[in-house]
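Structure data follow from start-v8.cif (mmCIF, C-alpha atoms and all ligand atoms):
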```cif
data_target
#
loop_
_atom_site.group_PDB
_atom_site.id
_atom_site.type_symbol
_atom_site.label_atom_id
_atom_site.label_comp_id
_atom_site.auth_asym_id
_atom_site.auth_seq_id
_atom_site.Cartn_x
_atom_site.Cartn_y
_atom_site.Cartn_z
ATOM 1 C CA MET A 14 0.000 0.000 0.000
ATOM 2 C CA PHE A 15 1.261 3.532 -0.780
ATOM 3 C CA ASP A 16 2.569 4.939 2.463
ATOM 4 C CA TYR A 17 1.715 8.529 3.369
ATOM 5 C CA GLN A 18 0.746 10.292 6.590
ATOM 6 C CA ALA A 19 -0.882 13.637 5.910
ATOM 7 C CA PRO A 20 -0.196 16.576 8.216
ATOM 8 C CA ALA A 21 -3.284 18.025 9.924
ATOM 9 C CA ASN A 22 -5.454 20.101 7.614
ATOM 10 C CA LEU A 23 -3.420 19.181 4.539
ATOM 11 C CA LEU A 24 -6.159 20.412 2.227
ATOM 12 C CA LYS A 25 -7.396 23.438 4.196
ATOM 13 C CA ASP A 26 -8.896 26.114 1.891
ATOM 14 C CA LYS A 27 -8.603 23.907 -1.184
ATOM 15 C CA VAL A 28 -11.575 23.304 -3.456
ATOM 16 C CA ILE A 29 -11.581 19.904 -5.150
ATOM 17 C CA LEU A 30 -13.909 18.513 -7.813
ATOM 18 C CA ILE A 31 -14.454 14.739 -7.800
ATOM 19 C CA SER A 32 -16.257 12.883 -10.579
ATOM 20 C CA GLY A 33 -18.164 9.745 -9.599
ATOM 21 C CA ALA A 34 -18.264 10.912 -5.991
ATOM 22 C CA GLY A 35 -21.446 9.048 -5.056
ATOM 23 C CA SER A 36 -19.964 5.602 -4.557
ATOM 24 C CA GLY A 37 -16.855 3.443 -4.403
ATOM 25 C CA ILE A 38 -13.443 5.055 -4.616
ATOM 26 C CA GLY A 39 -14.850 8.497 -5.527
ATOM 27 C CA LYS A 40 -16.974 8.555 -2.389
ATOM 28 C CA ALA A 41 -14.021 7.528 -0.204
ATOM 29 C CA ALA A 42 -11.889 10.252 -1.822
ATOM 30 C CA ALA A 43 -14.578 12.879 -1.223
ATOM 31 C CA LEU A 44 -14.847 11.968 2.466
ATOM 32 C CA THR A 45 -11.064 11.801 2.847
ATOM 33 C CA TYR A 46 -10.480 15.173 1.194
ATOM 34 C CA ALA A 47 -13.239 16.800 3.235
ATOM 35 C CA ASN A 48 -11.929 15.292 6.479
ATOM 36 C CA ASN A 49 -8.552 16.804 5.642
ATOM 37 C CA GLY A 50 -9.981 20.295 5.267
ATOM 38 C CA ALA A 51 -11.050 20.581 1.613
ATOM 39 C CA THR A 52 -14.307 21.848 0.245
ATOM 40 C CA VAL A 53 -15.380 19.102 -2.120
ATOM 41 C CA ILE A 54 -17.645 19.351 -5.140
ATOM 42 C CA LEU A 55 -19.426 16.044 -5.582
ATOM 43 C CA LEU A 56 -20.156 15.276 -9.221
ATOM 44 C CA GLY A 57 -22.180 12.219 -10.215
ATOM 45 C CA ARG A 58 -25.233 10.897 -11.958
ATOM 46 C CA LYS A 59 -27.434 9.999 -9.022
ATOM 47 C CA VAL A 60 -28.416 12.819 -6.732
ATOM 48 C CA GLU A 61 -29.514 10.536 -3.842
ATOM 49 C CA LYS A 62 -26.041 8.990 -3.636
ATOM 50 C CA LEU A 63 -24.412 12.419 -3.708
ATOM 51 C CA GLU A 64 -26.753 13.613 -0.961
ATOM 52 C CA GLN A 65 -25.716 10.698 1.203
ATOM 53 C CA VAL A 66 -22.043 11.646 0.814
ATOM 54 C CA TYR A 67 -22.949 15.276 1.480
ATOM 55 C CA ASP A 68 -24.666 14.257 4.723
ATOM 56 C CA GLU A 69 -21.723 12.128 5.859
ATOM 57 C CA ILE A 70 -19.392 15.085 5.303
ATOM 58 C CA ASP A 71 -21.786 17.333 7.193
ATOM 59 C CA GLN A 72 -21.985 14.904 10.117
ATOM 60 C CA ALA A 73 -18.178 14.784 10.281
ATOM 61 C CA ASN A 74 -18.131 18.591 10.725
ATOM 62 C CA ALA A 75 -15.933 18.918 7.660
ATOM 63 C CA PRO A 76 -16.245 21.931 5.328
ATOM 64 C CA LYS A 77 -19.654 22.039 3.662
ATOM 65 C CA ALA A 78 -19.653 20.122 0.369
ATOM 66 C CA ALA A 79 -21.450 20.993 -2.881
ATOM 67 C CA ILE A 80 -23.521 18.642 -5.026
ATOM 68 C CA THR A 81 -23.416 18.676 -8.827
ATOM 69 C CA PRO A 82 -25.703 16.163 -10.532
ATOM 70 C CA PHE A 83 -24.083 15.657 -13.940
ATOM 71 C CA ASP A 84 -24.297 12.868 -16.498
ATOM 72 C CA LEU A 85 -20.885 12.497 -18.104
ATOM 73 C CA GLU A 86 -22.370 10.400 -20.886
ATOM 74 C CA GLY A 87 -24.776 12.995 -22.220
ATOM 75 C CA ALA A 88 -23.135 16.296 -21.249
ATOM 76 C CA ASN A 89 -22.487 18.877 -23.967
ATOM 77 C CA GLU A 90 -20.139 21.873 -24.117
ATOM 78 C CA GLU A 91 -22.745 24.178 -22.623
ATOM 79 C CA ASN A 92 -23.213 21.842 -19.638
ATOM 80 C CA TYR A 93 -19.461 21.818 -18.968
ATOM 81 C CA GLN A 94 -19.227 25.594 -19.252
ATOM 82 C CA GLU A 95 -22.180 26.021 -16.868
ATOM 83 C CA LEU A 96 -20.552 23.634 -14.399
ATOM 84 C CA VAL A 97 -17.328 25.627 -14.375
ATOM 85 C CA ASN A 98 -19.202 28.945 -14.197
ATOM 86 C CA SER A 99 -21.091 27.719 -11.160
ATOM 87 C CA ILE A 100 -17.861 26.584 -9.455
ATOM 88 C CA TYR A 101 -16.395 30.015 -10.134
ATOM 89 C CA SER A 102 -19.408 31.906 -8.851
ATOM 90 C CA GLU A 103 -19.797 29.754 -5.737
ATOM 91 C CA PHE A 104 -16.149 29.263 -4.735
ATOM 92 C CA GLY A 105 -14.042 31.564 -6.943
ATOM 93 C CA ARG A 106 -11.356 28.904 -7.241
ATOM 94 C CA LEU A 107 -10.501 25.293 -8.017
ATOM 95 C CA ASP A 108 -7.366 23.568 -6.699
ATOM 96 C CA GLY A 109 -7.894 19.944 -7.628
ATOM 97 C CA LEU A 110 -9.708 17.673 -10.056
ATOM 98 C CA LEU A 111 -10.044 13.941 -9.469
ATOM 99 C CA ASN A 112 -11.182 12.302 -12.708
ATOM 100 C CA ASN A 113 -12.603 9.129 -11.203
ATOM 101 C CA ALA A 114 -15.962 8.224 -12.777
ATOM 102 C CA SER A 115 -15.939 5.250 -15.115
ATOM 103 C CA ILE A 116 -17.940 2.254 -16.226
ATOM 104 C CA LEU A 117 -16.704 -1.249 -16.987
ATOM 105 C CA GLY A 118 -18.686 -2.025 -20.139
ATOM 106 C CA THR A 119 -18.723 -5.695 -21.034
ATOM 107 C CA LEU A 120 -15.975 -8.293 -20.844
ATOM 108 C CA THR A 121 -16.110 -9.956 -24.237
ATOM 109 C CA PRO A 122 -13.973 -10.451 -27.346
ATOM 110 C CA ILE A 123 -13.656 -7.510 -29.734
ATOM 111 C CA GLN A 124 -15.560 -9.458 -32.393
ATOM 112 C CA SER A 125 -18.687 -9.556 -30.256
ATOM 113 C CA TYR A 126 -18.295 -6.177 -28.541
ATOM 114 C CA SER A 127 -21.415 -4.029 -28.963
ATOM 115 C CA LEU A 128 -20.766 -0.717 -30.759
ATOM 116 C CA THR A 129 -23.213 1.024 -28.464
ATOM 117 C CA THR A 130 -21.439 -0.161 -25.329
ATOM 118 C CA TRP A 131 -18.041 0.631 -26.848
ATOM 119 C CA ASN A 132 -19.066 4.226 -27.503
ATOM 120 C CA GLN A 133 -20.633 4.581 -24.055
ATOM 121 C CA VAL A 134 -17.474 3.378 -22.291
ATOM 122 C CA LEU A 135 -15.197 5.645 -24.334
ATOM 123 C CA GLN A 136 -17.558 8.561 -23.778
ATOM 124 C CA ILE A 137 -17.629 8.244 -19.973
ATOM 125 C CA ASN A 138 -14.128 6.933 -19.277
ATOM 126 C CA LEU A 139 -12.156 8.996 -21.774
ATOM 127 C CA ASN A 140 -14.017 11.786 -23.572
ATOM 128 C CA ALA A 141 -15.650 13.078 -20.408
ATOM 129 C CA GLN A 142 -12.296 13.156 -18.583
ATOM 130 C CA PHE A 143 -10.898 15.208 -21.465
ATOM 131 C CA ALA A 144 -13.869 17.578 -21.399
ATOM 132 C CA LEU A 145 -13.933 17.994 -17.628
ATOM 133 C CA SER A 146 -10.190 18.705 -17.577
ATOM 134 C CA LYS A 147 -10.371 21.090 -20.545
ATOM 135 C CA TYR A 148 -13.171 23.173 -19.059
ATOM 136 C CA CYS A 149 -11.589 23.236 -15.586
ATOM 137 C CA LEU A 150 -8.157 24.326 -16.835
ATOM 138 C CA PRO A 151 -8.731 28.097 -16.752
ATOM 139 C CA LEU A 152 -9.823 27.918 -13.100
ATOM 140 C CA LEU A 153 -7.053 25.494 -12.122
ATOM 141 C CA GLN A 154 -4.536 27.807 -13.785
ATOM 142 C CA GLU A 155 -5.498 30.568 -11.353
ATOM 143 C CA ALA A 156 -4.685 28.470 -8.276
ATOM 144 C CA ASP A 157 -1.288 28.873 -6.555
ATOM 145 C CA ASN A 158 -0.721 25.273 -7.536
ATOM 146 C CA ALA A 159 -3.223 22.685 -8.689
ATOM 147 C CA SER A 160 -3.467 18.930 -9.138
ATOM 148 C CA ILE A 161 -5.243 16.890 -11.787
ATOM 149 C CA VAL A 162 -5.454 13.181 -11.084
ATOM 150 C CA PHE A 163 -6.625 10.743 -13.751
ATOM 151 C CA THR A 164 -7.798 7.279 -12.769
ATOM 152 C CA SER A 165 -6.186 4.512 -14.739
ATOM 153 C CA SER A 166 -6.135 0.771 -14.153
ATOM 154 C CA GLY A 167 -3.897 -2.267 -14.500
ATOM 155 C CA ALA A 168 -5.944 -2.854 -17.658
ATOM 156 C CA GLY A 169 -4.744 0.483 -19.015
ATOM 157 C CA ARG A 170 -1.078 0.172 -18.098
ATOM 158 C CA LYS A 171 -0.949 -3.202 -19.894
ATOM 159 C CA PRO A 172 -4.161 -3.967 -21.819
ATOM 160 C CA TYR A 173 -6.069 -7.186 -21.058
ATOM 161 C CA ALA A 174 -7.725 -9.510 -23.583
ATOM 162 C CA TYR A 175 -11.561 -9.362 -23.422
ATOM 163 C CA TRP A 176 -11.607 -6.063 -21.498
ATOM 164 C CA GLY A 177 -12.256 -4.212 -24.793
ATOM 165 C CA ALA A 178 -13.351 -0.605 -24.444
ATOM 166 C CA TYR A 179 -12.434 -0.404 -20.757
ATOM 167 C CA SER A 180 -8.806 -1.372 -21.379
ATOM 168 C CA VAL A 181 -8.600 0.968 -24.375
ATOM 169 C CA SER A 182 -10.170 3.846 -22.426
ATOM 170 C CA LYS A 183 -7.683 3.457 -19.581
ATOM 171 C CA ALA A 184 -4.647 3.172 -21.918
ATOM 172 C CA ALA A 185 -5.901 6.339 -23.640
ATOM 173 C CA THR A 186 -6.368 8.007 -20.249
ATOM 174 C CA GLU A 187 -2.657 7.463 -19.611
ATOM 175 C CA ALA A 188 -1.937 9.099 -22.977
ATOM 176 C CA LEU A 189 -4.291 11.996 -22.263
ATOM 177 C CA ALA A 190 -2.606 12.629 -18.916
ATOM 178 C CA GLN A 191 0.824 12.550 -20.566
ATOM 179 C CA VAL A 192 -0.190 14.978 -23.331
ATOM 180 C CA LEU A 193 -1.612 17.370 -20.760
ATOM 181 C CA PHE A 194 1.461 17.075 -18.524
ATOM 182 C CA LEU A 195 3.789 17.848 -21.468
ATOM 183 C CA GLU A 196 1.698 20.859 -22.461
ATOM 184 C CA LEU A 197 1.564 22.298 -18.960
ATOM 185 C CA GLU A 198 4.881 21.405 -17.355
ATOM 186 C CA ASN A 199 6.776 24.582 -18.286
ATOM 187 C CA THR A 200 3.921 27.018 -18.402
ATOM 188 C CA SER A 201 1.715 26.367 -15.401
ATOM 189 C CA LYS A 202 1.619 25.284 -11.784
ATOM 190 C CA ILE A 203 -0.765 22.446 -12.545
ATOM 191 C CA ARG A 204 0.567 18.948 -11.992
ATOM 192 C CA VAL A 205 -0.928 15.956 -13.779
ATOM 193 C CA ASN A 206 -0.579 12.361 -12.620
ATOM 194 C CA THR A 207 -2.361 9.032 -13.005
ATOM 195 C CA VAL A 208 -3.418 6.541 -10.353
ATOM 196 C CA ASN A 209 -3.957 2.829 -10.687
ATOM 197 C CA PRO A 210 -6.121 2.038 -7.636
ATOM 198 C CA GLY A 211 -5.445 -1.724 -7.886
ATOM 199 C CA GLY A 212 -8.120 -4.294 -7.041
ATOM 200 C CA THR A 213 -10.461 -2.575 -4.561
ATOM 201 C CA ALA A 214 -13.780 -3.770 -3.147
ATOM 202 C CA THR A 215 -16.357 -1.728 -5.100
ATOM 203 C CA LYS A 216 -19.378 -2.330 -7.296
ATOM 204 C CA MET A 217 -17.234 -2.197 -10.438
ATOM 205 C CA ARG A 218 -14.762 -4.725 -9.112
ATOM 206 C CA SER A 219 -17.478 -7.254 -8.260
ATOM 207 C CA GLN A 220 -18.947 -6.736 -11.727
ATOM 208 C CA ALA A 221 -15.539 -7.583 -13.242
ATOM 209 C CA PHE A 222 -14.782 -10.488 -10.875
ATOM 210 C CA PRO A 223 -18.146 -11.844 -9.675
ATOM 211 C CA GLY A 224 -16.599 -14.946 -8.105
ATOM 212 C CA GLU A 225 -14.195 -13.015 -5.909
ATOM 213 C CA ASN A 226 -14.769 -12.502 -2.192
ATOM 214 C CA PRO A 227 -14.661 -8.701 -1.639
ATOM 215 C CA ALA A 228 -13.560 -9.309 1.950
ATOM 216 C CA ASN A 229 -10.168 -10.320 0.534
ATOM 217 C CA LEU A 230 -9.663 -6.935 -1.148
ATOM 218 C CA PRO A 231 -8.760 -3.544 0.309
ATOM 219 C CA LYS A 232 -11.724 -1.258 0.906
ATOM 220 C CA SER A 233 -11.793 2.099 -0.903
ATOM 221 C CA GLU A 234 -10.880 3.895 2.346
ATOM 222 C CA GLU A 235 -7.693 1.856 2.620
ATOM 223 C CA ILE A 236 -6.230 3.097 -0.674
ATOM 224 C CA MET A 237 -6.697 6.773 0.207
ATOM 225 C CA PRO A 238 -3.105 7.641 1.277
ATOM 226 C CA LEU A 239 -2.029 8.089 -2.373
ATOM 227 C CA TYR A 240 -5.190 10.024 -3.294
ATOM 228 C CA LEU A 241 -4.519 12.366 -0.394
ATOM 229 C CA TYR A 242 -0.831 12.749 -1.182
ATOM 230 C CA LEU A 243 -1.504 13.728 -4.792
ATOM 231 C CA MET A 244 -3.994 16.464 -3.877
ATOM 232 C CA GLY A 245 -1.883 18.084 -1.148
ATOM 233 C CA ASP A 246 1.171 20.307 -1.300
ATOM 234 C CA ASP A 247 3.527 17.455 -0.281
ATOM 235 C CA SER A 248 3.280 16.249 -3.894
ATOM 236 C CA LEU A 249 4.180 19.531 -5.622
ATOM 237 C CA GLN A 250 7.209 17.892 -7.243
ATOM 238 C CA GLU A 251 5.205 14.974 -8.681
ATOM 239 C CA ASN A 252 4.290 15.590 -12.298
ATOM 240 C CA GLY A 253 3.645 13.400 -15.326
ATOM 241 C CA LYS A 254 3.955 10.215 -13.288
ATOM 242 C CA GLN A 255 2.086 6.928 -12.976
ATOM 243 C CA PHE A 256 1.261 5.914 -9.403
ATOM 244 C CA ASP A 257 -0.078 2.737 -7.825
ATOM 245 C CA ALA A 258 -2.310 3.125 -4.795
ATOM 246 C CA GLN A 259 -1.378 -0.332 -3.492
HETATM 247 P P1 LIG A 301 -17.844 2.330 -8.984
HETATM 248 O O1 LIG A 301 -18.119 2.058 -7.556
HETATM 249 O O2 LIG A 301 -18.646 1.651 -10.019
HETATM 250 O O3 LIG A 301 -17.877 3.906 -9.170
HETATM 251 C C1 LIG A 301 -17.879 4.500 -10.430
HETATM 252 C C2 LIG A 301 -18.439 5.884 -10.279
HETATM 253 O O4 LIG A 301 -18.544 6.493 -11.583
HETATM 254 C C3 LIG A 301 -19.839 5.888 -9.665
HETATM 255 O O5 LIG A 301 -19.921 6.902 -8.694
HETATM 256 C C4 LIG A 301 -20.718 6.209 -10.856
HETATM 257 O O6 LIG A 301 -21.908 6.901 -10.535
HETATM 258 C C5 LIG A 301 -19.813 7.114 -11.667
HETATM 259 N N1 LIG A 301 -20.318 7.205 -13.044
HETATM 260 C C6 LIG A 301 -20.486 6.192 -13.930
HETATM 261 N N2 LIG A 301 -21.060 6.666 -15.056
HETATM 262 C C7 LIG A 301 -21.240 7.993 -14.877
HETATM 263 C C8 LIG A 301 -21.799 9.030 -15.677
HETATM 264 N N3 LIG A 301 -22.317 8.792 -16.886
HETATM 265 N N4 LIG A 301 -21.830 10.282 -15.181
HETATM 266 C C9 LIG A 301 -21.352 10.547 -13.935
HETATM 267 N N5 LIG A 301 -20.820 9.612 -13.114
HETATM 268 C C10 LIG A 301 -20.773 8.344 -13.587
HETATM 269 O O7 LIG A 301 -16.329 1.974 -9.348
HETATM 270 P P2 LIG A 301 -14.941 2.207 -8.572
HETATM 271 O O8 LIG A 301 -14.319 0.897 -8.444
HETATM 272 O O9 LIG A 301 -15.121 3.092 -7.394
HETATM 273 O O10 LIG A 301 -14.127 2.979 -9.718
HETATM 274 C C11 LIG A 301 -13.526 4.249 -9.538
HETATM 275 C C12 LIG A 301 -12.405 4.391 -10.550
HETATM 276 O O11 LIG A 301 -11.357 3.450 -10.255
HETATM 277 C C13 LIG A 301 -12.819 4.093 -11.985
HETATM 278 O O12 LIG A 301 -12.157 4.979 -12.853
HETATM 279 C C14 LIG A 301 -12.320 2.675 -12.212
HETATM 280 O O13 LIG A 301 -12.095 2.418 -13.573
HETATM 281 C C15 LIG A 301 -11.033 2.703 -11.413
HETATM 282 N N6 LIG A 301 -10.523 1.393 -11.002
HETATM 283 C C16 LIG A 301 -11.152 0.649 -10.059
HETATM 284 C C17 LIG A 301 -10.619 -0.565 -9.662
HETATM 285 C C18 LIG A 301 -11.271 -1.416 -8.609
HETATM 286 O O14 LIG A 301 -10.781 -2.529 -8.332
HETATM 287 N N7 LIG A 301 -12.346 -0.986 -7.981
HETATM 288 C C19 LIG A 301 -9.420 -1.028 -10.225
HETATM 289 C C20 LIG A 301 -8.793 -0.250 -11.196
HETATM 290 C C21 LIG A 301 -9.349 0.962 -11.568
HETATM 291 P P3 LIG A 301 -23.255 6.069 -10.175
HETATM 292 O O15 LIG A 301 -23.008 5.621 -8.772
HETATM 293 O O16 LIG A 301 -24.280 7.115 -10.310
HETATM 294 O O17 LIG A 301 -23.342 4.962 -11.158
#
```
Output the file's structure in the form of structure tokens.
Ligand code: NAP
Amino acid sequence: MFDYQAPANLLKDKVILISGAGSGIGKAAALTYANNGATVILLGRKVEKLEQVYDEIDQANAPKAAITPFDLEGANEENYQELVNSIYSEFGRLDGLLNNASILGTLTPIQSYSLTTWNQVLQINLNAQFALSKYCLPLLQEADNASIVFTSSGAGRKPYAYWGAYSVSKAATEALAQVLFLELENTSKIRVNTVNPGGTATKMRSQAFPGENPANLPKSEEIMPLYLYLMGDDSLQENGKQFDAQ
């Protein structure tokens, strides 16, 4: 497991946007960031799940969170611009973006992969991460220093047979992060890194490995040291790198 002990209030005064914050790893990251002093913006499809995370943050007496219901599959340019405008008008800043939301699609050979599912996976796992990052860049550029984290996978670092669109989307996410890092490294104080969470007990993992006992896997909360490290100022020197959370 990545080893990191955060100093108290590591993320005080930071505003961090998390996609897919209603469940799994995104939810754990939202709670962790908030408990370390950040104001978190919870982006996801299902408002009830986001409200539950909002309430947990509230009960922990962490900084008040914000909820942004947003469907990354259907969003258009106007929706992204409105999202960023509302972050600007409500908070006036953005210090971090965790691109976390994804779907698995189906595990099947390329020859039988549905075109509809292929497009849906690429839209959510890749195109939406590009769009969210693109529209957030102007605000992130205004921060003293900012962090963009992309969520990859073992299936992206070295593609797997039968994982089709998911594997391709994660390999392309690595490429997207690298392109962005190269463009920004000499001209901005935004750092860009990727995280491979590793097998973690979530809904997606049990969809991919239905026969596996989730009790044998780390819980989302257990892989948070790396997520915390990459959003805080202890990682200012980390840029353009691939990290493993466990
Ligand atoms: P998860 O529990 O299924 O969470 C995925 C999140 O993405 C959910 O909050 C989901 O929202 C959101 N999402 C999906 N489609 C969306 C859309 N159209 N618009 C907005 N939000 C959408 O999976 P997880 O395991 O926590 O995965 C988190 C990240 O880690 C993913 O990028 C995944 O690829 C990566 N990862 C996970 C593992 C693992 O073992 N768990 C391993 C390697 C990589 P809803 O709740 O509304 O569906």
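Closest approach to Ala168 in chain A among A:Asp16, A:Asp71, A:Asp26, A:Glu187: A:Glu187, based on only C-alpha atoms.
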Residue nearest Asn113 in chain A - candidates A:Phe143, A:Tyr126, A:Phe163, A:Phe256, atoms counted: all atoms listed in the file: A:Phe163
Ground truth for the PyMOL selection byres (((not hetatm)) within 8 of (chain A and resi 301)), written as a PyMOL selection string: chain A and resi 32-40+56-60+62+82-87+112-117+137-138+164-168+179+183+209-218+233
Among the residues A:Met244, A:Gly177, A:Leu197, A:Val208, the one that comes closest to Ala51 in chain A [using only C-alpha atoms]: A:Met244
I'd like to see the residues matched by the PyMOL selection byres (((chain A and resi 151) around 12) and not hetatm) on this file, and ideally I'd get them as a PDB file with C-alpha atoms, in the frame of the given file.
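Wrote it out as selection39.pdb, contents follow:
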```pdb
ATOM      1  CA  GLN A  94     -19.227  25.594 -19.252  1.00  0.00           C
ATOM      2  CA  VAL A  97     -17.328  25.627 -14.375  1.00  0.00           C
ATOM      3  CA  ASN A  98     -19.202  28.945 -14.197  1.00  0.00           C
ATOM      4  CA  ILE A 100     -17.861  26.584  -9.455  1.00  0.00           C
ATOM      5  CA  TYR A 101     -16.395  30.015 -10.134  1.00  0.00           C
ATOM      6  CA  GLY A 105     -14.042  31.564  -6.943  1.00  0.00           C
ATOM      7  CA  ARG A 106     -11.356  28.904  -7.241  1.00  0.00           C
ATOM      8  CA  LEU A 107     -10.501  25.293  -8.017  1.00  0.00           C
ATOM      9  CA  ASP A 108      -7.366  23.568  -6.699  1.00  0.00           C
ATOM     10  CA  LEU A 145     -13.933  17.994 -17.628  1.00  0.00           C
ATOM     11  CA  SER A 146     -10.190  18.705 -17.577  1.00  0.00           C
ATOM     12  CA  LYS A 147     -10.371  21.090 -20.545  1.00  0.00           C
ATOM     13  CA  TYR A 148     -13.171  23.173 -19.059  1.00  0.00           C
ATOM     14  CA  CYS A 149     -11.589  23.236 -15.586  1.00  0.00           C
ATOM     15  CA  LEU A 150      -8.157  24.326 -16.835  1.00  0.00           C
ATOM     16  CA  LEU A 152      -9.823  27.918 -13.100  1.00  0.00           C
ATOM     17  CA  LEU A 153      -7.053  25.494 -12.122  1.00  0.00           C
ATOM     18  CA  GLN A 154      -4.536  27.807 -13.785  1.00  0.00           C
ATOM     19  CA  GLU A 155      -5.498  30.568 -11.353  1.00  0.00           C
ATOM     20  CA  ALA A 156      -4.685  28.470  -8.276  1.00  0.00           C
ATOM     21  CA  ALA A 159      -3.223  22.685  -8.689  1.00  0.00           C
ATOM     22  CA  SER A 201       1.715  26.367 -15.401  1.00  0.00           C
ATOM     23  CA  LYS A 202       1.619  25.284 -11.784  1.00  0.00           C
ATOM     24  CA  ILE A 203      -0.765  22.446 -12.545  1.00  0.00           C
TER      25      ILE A 203
END
```
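Between Pro20 in chain A and the candidates A:Gly118, A:Pro227, A:Gly245, A:Gly109, the tightest atom-to-atom separation, counting only C-alpha atoms, involves A:Gly245.
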Go ahead and compute the interatomic distance for CA of Ala42 in chain A and CA of Asn74 in chain A, in Å to one decimal. 16.3 Å
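Distances from A:Leu249, A:Asp257, A:Trp176, A:Ile236 to Ser125 in chain A were compared using only C-alpha atoms, and the smallest one belongs to A:Trp176.
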The PyMOL selection byres (((chain A and resi 194) around 10) and not hetatm) resolved against shown file, as number ranges by chain: A: 161, 188-193, 195-199, 201, 203-206, 252-254
For each of A:Gly224, A:Pro76, A:Gly169, A:Pro238, take the minimum atom-to-atom distance to Val53 in chain A, counting all atoms listed in the file, then give the residue where this is smallest. A:Pro76
Can you list, as a PyMOL selection string, every protein, DNA or RNA residue that comes within 12 Å of Lys77 in chain A when you count only C-alpha atoms, leaving out same-chain residues fewer than 4 positions away? chain A and resi 26+28+43-44+46-48+50-55+64+66-73+104
